[in-house]
$ cat structure_32.txt   # compact mmCIF, C-alpha atoms and all ligand atoms
# COMPACT_ATOMS: atom_id res chain seq x y z
CA MET A 1 0.00 0.00 0.00
CA LYS A 2 1.31 3.42 -0.90
CA GLU A 3 1.22 6.08 1.78
CA THR A 4 -1.24 8.83 0.83
CA ASN A 5 0.18 11.50 3.10
CA SER A 6 3.67 12.47 4.16
CA TRP A 7 4.55 13.09 7.78
CA ASN A 8 6.97 15.50 9.37
CA PRO A 9 7.47 14.26 12.97
CA ASN A 10 8.46 17.74 14.27
CA GLU A 11 5.47 19.53 12.79
CA TYR A 12 3.19 16.67 13.84
CA SER A 13 4.23 16.73 17.50
CA LYS A 14 4.21 20.56 17.60
CA HIS A 15 0.68 21.01 16.22
CA THR A 16 -1.19 17.79 16.91
CA ALA A 17 -0.16 16.72 20.41
CA PHE A 18 -3.92 16.57 21.11
CA VAL A 19 -4.13 13.41 18.96
CA SER A 20 -2.34 11.29 21.58
CA GLN A 21 -3.39 13.35 24.62
CA LEU A 22 -7.07 12.77 23.84
CA ALA A 23 -6.45 9.05 23.31
CA MET A 24 -5.71 8.19 26.95
CA PRO A 25 -9.24 6.75 27.42
CA VAL A 26 -8.45 4.36 24.55
CA VAL A 27 -5.34 3.16 26.39
CA ASP A 28 -7.57 2.70 29.46
CA LEU A 29 -10.00 0.66 27.35
CA LEU A 30 -7.08 -1.51 26.22
CA ASP A 31 -6.10 -2.00 29.86
CA PRO A 32 -2.64 -3.42 29.06
CA LYS A 33 -1.24 -5.98 31.49
CA LYS A 34 2.31 -6.76 32.50
CA GLY A 35 3.96 -9.23 30.10
CA GLU A 36 1.28 -9.01 27.43
CA LYS A 37 2.43 -8.77 23.84
CA VAL A 38 0.76 -5.72 22.27
CA LEU A 39 0.90 -4.42 18.70
CA ASP A 40 0.47 -0.67 18.22
CA LEU A 41 -0.90 -0.36 14.70
CA GLY A 42 0.22 2.96 13.23
CA CYS A 43 2.36 3.85 16.21
CA GLY A 44 3.43 7.23 14.78
CA ASP A 45 6.07 8.83 16.97
CA GLY A 46 5.55 6.18 19.68
CA THR A 47 3.88 8.40 22.31
CA LEU A 48 1.06 5.95 23.04
CA ALA A 49 3.24 2.85 22.58
CA LEU A 50 5.43 4.26 25.34
CA GLU A 51 2.38 4.74 27.56
CA ILE A 52 1.34 1.10 26.96
CA GLN A 53 4.89 -0.09 27.53
CA SER A 54 4.98 1.81 30.86
CA LYS A 55 2.21 -0.56 32.09
CA GLY A 56 4.62 -3.48 31.65
CA ALA A 57 3.41 -4.75 28.25
CA ASP A 58 5.85 -5.83 25.57
CA VAL A 59 4.99 -3.45 22.71
CA ILE A 60 5.81 -3.61 19.02
CA GLY A 61 4.91 -0.61 16.87
CA VAL A 62 4.38 -0.54 13.13
CA ASP A 63 3.83 2.47 10.92
CA LEU A 64 3.96 3.25 7.21
CA SER A 65 6.09 6.35 7.77
CA LYS A 66 9.77 5.55 8.20
CA GLU A 67 10.36 9.03 9.67
CA MET A 68 7.81 8.31 12.42
CA VAL A 69 9.25 4.83 13.03
CA GLU A 70 12.70 6.38 13.57
CA VAL A 71 11.28 8.74 16.20
CA ALA A 72 9.43 5.87 17.94
CA LYS A 73 12.64 3.83 18.01
CA SER A 74 14.55 6.76 19.51
CA LYS A 75 12.04 6.64 22.40
CA GLY A 76 12.84 2.98 23.07
CA ILE A 77 9.95 1.37 21.16
CA LYS A 78 10.57 -1.73 19.03
CA ALA A 79 9.14 -0.39 15.80
CA PHE A 80 9.35 -1.02 12.09
CA VAL A 81 7.78 0.00 8.81
CA ALA A 82 4.77 -2.13 7.82
CA SER A 83 1.32 -1.66 6.34
CA VAL A 84 -1.90 -2.42 8.19
CA THR A 85 -2.98 -4.29 5.06
CA ASN A 86 0.10 -6.54 4.96
CA LEU A 87 1.13 -7.47 8.49
CA PRO A 88 3.85 -10.13 8.88
CA PHE A 89 2.26 -11.75 11.96
CA GLU A 90 0.34 -14.95 12.65
CA SER A 91 -1.53 -15.41 16.00
CA GLU A 92 1.17 -13.43 17.81
CA PHE A 93 -0.45 -10.76 19.95
CA ASP A 94 -2.55 -10.69 23.11
CA ALA A 95 -3.87 -7.31 22.01
CA ILE A 96 -3.80 -4.91 19.08
CA PHE A 97 -4.18 -1.19 19.71
CA SER A 98 -4.67 1.56 17.17
CA ASN A 99 -5.33 5.27 17.49
CA ALA A 100 -6.15 7.78 14.72
CA VAL A 101 -4.89 5.52 11.95
CA LEU A 102 -7.57 3.22 10.55
CA HIS A 103 -9.45 6.06 8.85
CA TRP A 104 -6.46 6.24 6.46
CA VAL A 105 -7.03 2.66 5.30
CA LYS A 106 -9.68 2.56 2.56
CA ASP A 107 -9.52 -1.22 2.32
CA ALA A 108 -11.02 -1.83 5.76
CA ASN A 109 -11.73 -5.49 4.90
CA LEU A 110 -8.05 -6.17 4.36
CA ALA A 111 -7.11 -4.22 7.50
CA VAL A 112 -9.51 -6.19 9.70
CA GLN A 113 -8.42 -9.46 8.07
CA ASN A 114 -4.79 -8.64 8.94
CA ILE A 115 -5.72 -7.63 12.49
CA ALA A 116 -7.60 -10.93 13.02
CA LYS A 117 -4.69 -12.93 11.59
CA SER A 118 -2.15 -11.21 13.88
CA LEU A 119 -4.11 -11.76 17.11
CA LYS A 120 -4.05 -14.89 19.24
CA GLY A 121 -7.44 -16.54 19.82
CA GLY A 122 -9.10 -14.63 22.69
CA GLY A 123 -6.94 -11.61 21.90
CA ARG A 124 -8.51 -8.16 21.92
CA PHE A 125 -8.62 -5.33 19.41
CA VAL A 126 -9.01 -1.83 20.80
CA ALA A 127 -9.09 1.13 18.45
CA GLU A 128 -10.25 4.67 17.91
CA PHE A 129 -10.38 6.46 14.59
CA GLY A 130 -12.59 8.78 12.56
CA GLY A 131 -16.20 7.60 12.33
CA LYS A 132 -19.23 8.57 10.25
CA GLY A 133 -19.49 12.37 9.95
CA ASN A 134 -15.89 12.95 11.00
CA MET A 135 -14.54 16.36 9.89
CA GLN A 136 -17.51 16.66 7.57
CA SER A 137 -17.36 20.45 7.32
CA VAL A 138 -13.73 20.35 6.27
CA VAL A 139 -14.03 17.36 3.92
CA GLU A 140 -17.04 18.99 2.18
CA ALA A 141 -15.11 22.25 1.88
CA MET A 142 -12.16 20.40 0.34
CA GLU A 143 -14.44 18.72 -2.20
CA GLU A 144 -16.02 22.04 -3.08
CA VAL A 145 -12.65 23.72 -3.64
CA PHE A 146 -11.54 20.89 -5.94
CA LYS A 147 -14.81 21.27 -7.87
CA MET A 148 -14.23 25.02 -8.21
CA HIS A 149 -10.73 24.37 -9.61
CA PRO A 150 -10.78 21.67 -12.32
CA GLU A 151 -7.06 22.42 -12.79
CA PHE A 152 -6.45 20.81 -9.34
CA GLY A 153 -7.56 17.46 -10.76
CA GLU A 154 -9.90 14.98 -9.12
CA PHE A 155 -10.58 15.00 -5.36
CA ASN A 156 -9.66 11.53 -4.18
CA ASN A 157 -11.03 11.21 -0.65
CA PRO A 158 -8.44 9.04 1.16
CA TRP A 159 -10.50 8.53 4.33
CA TYR A 160 -12.76 5.78 5.63
CA PHE A 161 -15.23 6.97 8.27
CA PRO A 162 -17.62 4.06 9.00
CA SER A 163 -20.83 3.96 11.01
CA VAL A 164 -21.20 1.76 14.11
CA ASN A 165 -23.29 -0.81 12.22
CA GLU A 166 -20.93 -0.99 9.27
CA TYR A 167 -17.82 -1.54 11.41
CA LYS A 168 -19.50 -3.96 13.83
CA LYS A 169 -20.65 -6.07 10.88
CA LEU A 170 -17.16 -6.04 9.39
CA LEU A 171 -15.53 -7.16 12.65
CA GLU A 172 -18.11 -9.94 13.07
CA GLU A 173 -17.44 -11.16 9.54
CA PHE A 174 -13.81 -11.71 10.55
CA GLY A 175 -14.66 -13.63 13.72
CA PHE A 176 -14.72 -10.91 16.36
CA LYS A 177 -17.18 -10.49 19.19
CA VAL A 178 -17.77 -6.75 19.56
CA GLU A 179 -18.01 -5.86 23.24
CA TYR A 180 -18.19 -2.11 22.89
CA ILE A 181 -18.57 0.23 19.94
CA GLU A 182 -19.61 3.87 19.97
CA LEU A 183 -19.48 7.02 17.87
CA ILE A 184 -18.27 9.93 19.98
CA ASP A 185 -18.61 13.59 18.97
CA ARG A 186 -15.37 15.24 19.92
CA PRO A 187 -15.29 18.93 18.96
CA THR A 188 -11.56 19.75 18.97
CA PRO A 189 -10.05 23.24 19.15
CA MET A 190 -7.35 23.98 16.58
CA SER A 191 -5.48 27.27 16.46
CA ILE A 192 -5.14 27.50 12.66
CA LEU A 193 -7.08 25.34 10.20
CA ALA A 194 -4.42 25.92 7.51
CA LYS A 195 -1.88 24.20 9.77
CA TRP A 196 -4.15 21.15 10.07
CA LEU A 197 -4.43 21.13 6.26
CA ASP A 198 -0.61 21.34 5.93
CA ILE A 199 -0.26 18.24 8.07
CA PHE A 200 -3.24 16.13 7.00
CA ALA A 201 -4.15 17.24 3.48
CA ASN A 202 -0.70 17.29 1.86
CA GLY A 203 -1.40 13.86 0.33
CA ILE A 204 -4.62 14.80 -1.44
CA CYS A 205 -2.88 17.97 -2.68
CA GLN A 206 0.33 16.31 -3.82
CA ASN A 207 -0.22 17.27 -7.48
CA LEU A 208 -0.84 20.94 -6.68
CA THR A 209 1.87 23.59 -6.99
CA ASN A 210 2.80 25.46 -3.79
CA LYS A 211 0.75 28.42 -5.00
CA GLN A 212 -2.29 26.21 -5.69
CA PHE A 213 -1.94 24.61 -2.25
CA GLU A 214 -2.03 28.10 -0.67
CA VAL A 215 -5.21 28.91 -2.67
CA PHE A 216 -6.69 25.55 -1.59
CA LYS A 217 -6.07 26.23 2.12
CA GLN A 218 -7.42 29.77 1.97
CA GLU A 219 -10.61 28.73 0.16
CA VAL A 220 -11.21 25.71 2.43
CA GLU A 221 -10.94 28.09 5.40
CA GLU A 222 -13.40 30.53 3.82
CA ILE A 223 -15.99 27.78 3.16
CA ALA A 224 -15.58 25.95 6.48
CA LYS A 225 -15.57 29.17 8.51
CA SER A 226 -19.37 29.55 8.70
CA LYS A 227 -19.66 26.07 10.24
CA ILE A 228 -16.68 25.58 12.54
CA TYR A 229 -15.27 29.02 13.36
CA SER A 230 -16.63 31.32 16.06
CA ASN A 231 -15.36 33.76 18.68
CA ARG A 232 -13.88 30.66 20.36
CA GLY A 233 -11.70 30.08 17.26
CA TRP A 234 -11.67 26.93 15.09
CA ILE A 235 -13.45 23.94 16.61
CA LEU A 236 -12.93 20.91 14.37
CA ASP A 237 -15.93 18.59 14.02
CA TYR A 238 -14.11 15.39 14.94
CA VAL A 239 -16.23 12.26 15.42
CA ARG A 240 -14.44 9.20 16.82
CA LEU A 241 -15.42 5.56 16.43
CA ARG A 242 -14.19 3.76 19.54
CA VAL A 243 -14.27 -0.03 19.66
CA ARG A 244 -13.23 -3.02 21.73
CA ALA A 245 -13.62 -6.53 20.29
CA THR A 246 -12.30 -10.00 21.02
CA LYS A 247 -11.16 -12.60 18.49
CA LEU A 248 -13.26 -15.70 19.13
C1 LIG B 1 -8.79 12.33 12.11
O1 LIG B 1 -7.92 12.08 12.96
O2 LIG B 1 -9.97 12.19 12.34
C2 LIG B 1 -8.38 12.78 10.76
C3 LIG B 1 -7.08 13.10 10.50
C4 LIG B 1 -6.75 13.47 9.24
C5 LIG B 1 -7.68 13.54 8.24
C6 LIG B 1 -8.95 13.22 8.50
C7 LIG B 1 -9.32 12.85 9.77
$ encode --input "structure_32.txt" --output "structure tokens"
Amino acid sequence: MKETNSWNPNEYSKHTAFVSQLAMPVVDLLDPKKGEKVLDLGCGDGTLALEIQSKGADVIGVDLSKEMVEVAKSKGIKAFVASVTNLPFESEFDAIFSNAVLHWVKDANLAVQNIAKSLKGGGRFVAEFGGKGNMQSVVEAMEEVFKMHPEFGEFNNPWYFPSVNEYKKLLEEFGFKVEYIELIDRPTPMSILAKWLDIFANGICQNLTNKQFEVFKQEVEEIAKSKIYSNRGWILDYVRLRVRATKL
């Protein structure tokens, strides 16, 4: 699988520390135990893998970005580059954890198949990622800007934001028992929307010139402003799908 976005670990940790800070309840839901073998799927810079490791679990992190993997390794995490859709594991983990990653994987069938294959029987899968309606104001604004500028090419939406029913059904198809699944509205303050677009929309804008990318960001801000900007600043319309399931 080709990575659809590129990641700068410094910019990411400077502007999106909220991504791992707000994920502590997901680590609590995982409830890692001493000696358990845990896979952090899309470990990024290793912040949450380190948290899980601090509970005594033996953590392995995988990520598609080699820059992020290097940072995770520098923090003492065993990490390597691998795709969620091609994991080199067979019944190896007591638990698989994933935060803010699975919405980047369009082929959710293949992702869940790989997760099931990598878990031991009775192992648990705990994840949070964008669910139905996630960032709708911004995604709609992006689509609109692409439509207004045929010279930008086609808008290829790289994100998968499933509903509760859709994802529960998918997990059950691959032999999971879903113990908990919920969509959670999580309005998230962001100082500058253009910064968020720099970090998360560089992939969908990879064929644009620098000047076109500036136009894109400015116009997305103008369109999204009426929905998610107020005297409190930008409040992003994040919606999380949080799930805990066990492989039967
Ligand atoms: C998210 O974390 O929900 C997200 C990140 C980047 C693009 C879209 C959604």
$ residues_near_ligand --input "structure_32.txt" --ligand "ligand LIG 1 (chain B)" --cutoff "10 Å" --atoms "all atoms listed in the file" --output "PyMOL selection string"
chain A and resi 5+16+19+99-104+128-131+133-136+138-139+157-161+186+196-197+199-201+236-241
$ residues_around --input "structure_32.txt" --residues "stretch 32-35 of chain A" --least-positions-apart "4" --cutoff "7 Å" --atoms "all atoms listed in the file" --output "PDB file with C-alpha atoms, in the frame of the given file"
ATOM      1  CA  ILE A  52       1.340   1.100  26.960  1.00  0.00           C
ATOM      2  CA  LYS A  55       2.210  -0.560  32.090  1.00  0.00           C
ATOM      3  CA  GLY A  56       4.620  -3.480  31.650  1.00  0.00           C
ATOM      4  CA  ALA A  57       3.410  -4.750  28.250  1.00  0.00           C
ATOM      5  CA  ASP A  58       5.850  -5.830  25.570  1.00  0.00           C
TER       6      ASP A  58
END
$ axis_aligned_box --input "structure_32.txt" --around "stretch 140-146 of chain A" --padding-each-side "5 Å" --output "lines of an AutoDock Vina configuration file"
center_x = -14.3
center_y = 21.2
center_z = -1.9
size_x = 15.5
size_y = 15.0
size_z = 18.1
$ atom_distance --input "structure_32.txt" --atom1 "atom CA of A:Phe80" --atom2 "atom CA of A:Lys195"
27.7 Å
$ closest_residue --input "structure_32.txt" --among "A:Glu140, A:Asp94, A:Glu173, A:Glu67" --to "A:Ala108" --atoms "only C-alpha atoms"
A:Glu173
$ closest_residue --input "structure_32.txt" --among "A:Pro88, A:Phe97, A:Val164, A:Glu144" --to "A:Lys117" --atoms "all atoms listed in the file"
A:Pro88
$ residues_around --input "structure_32.txt" --residues "A:Asn10" --least-positions-apart "4" --cutoff "12 Å" --atoms "only C-alpha atoms" --output "short mmCIF file (atom, residue, chain, number, x, y, z; two decimals) with C-alpha atoms, in the frame of the given file"
data_model
loop_
_atom_site.label_atom_id
_atom_site.label_comp_id
_atom_site.auth_asym_id
_atom_site.auth_seq_id
_atom_site.Cartn_x
_atom_site.Cartn_y
_atom_site.Cartn_z
CA LYS A 14 4.21 20.56 17.60
CA HIS A 15 0.68 21.01 16.22
CA THR A 16 -1.19 17.79 16.91
CA ALA A 17 -0.16 16.72 20.41
CA GLY A 44 3.43 7.23 14.78
CA ASP A 45 6.07 8.83 16.97
CA GLU A 67 10.36 9.03 9.67
CA MET A 68 7.81 8.31 12.42
CA VAL A 71 11.28 8.74 16.20
CA ILE A 199 -0.26 18.24 8.07
#
$ residues_around --input "structure_32.txt" --residues "A:Glu51" --least-positions-apart "4" --cutoff "9 Å" --atoms "all atoms listed in the file" --output "MDAnalysis selection string"
chainID A and resid 24 27 46:47 55
$ closest_residue --input "structure_32.txt" --among "A:Ser54, A:Asn210, A:Ser83, A:Ser91" --to "A:Gly123" --atoms "only C-alpha atoms"
A:Ser91
$ atom_distance --input "structure_32.txt" --atom1 "atom CA of A:Ala245" --atom2 "atom CA of A:Phe18"
25.1 Å
$ residues_around --input "structure_32.txt" --residues "A:Gly61" --least-positions-apart "5" --cutoff "10 Å" --atoms "all atoms listed in the file" --output "ChimeraX atom specification"
/A:38-46,48-50,69,72-73,77-82,96-98
$ closest_residue --input "structure_32.txt" --among "A:Asn156, A:Cys205, A:Pro150, A:Ser137" --to "A:Tyr229" --atoms "all atoms listed in the file"
A:Ser137
$ residues_around --input "structure_32.txt" --residues "A:Phe216" --least-positions-apart "4" --cutoff "10 Å" --atoms "all atoms listed in the file" --output "count of residues only"
16
$ atom_distance --input "structure_32.txt" --atom1 "atom CA of A:Phe125" --atom2 "atom CA of A:Gly76"
23.3 Å
$ closest_residue --input "structure_32.txt" --among "A:Thr85, A:Ile115, A:Glu143, A:Asp107" --to "A:Ala224" --atoms "all atoms listed in the file"
A:Glu143
$ closest_residue --input "structure_32.txt" --among "A:Ser226, A:Lys169, A:Thr246, A:Phe155" --to "A:Gly203" --atoms "all atoms listed in the file"
A:Phe155
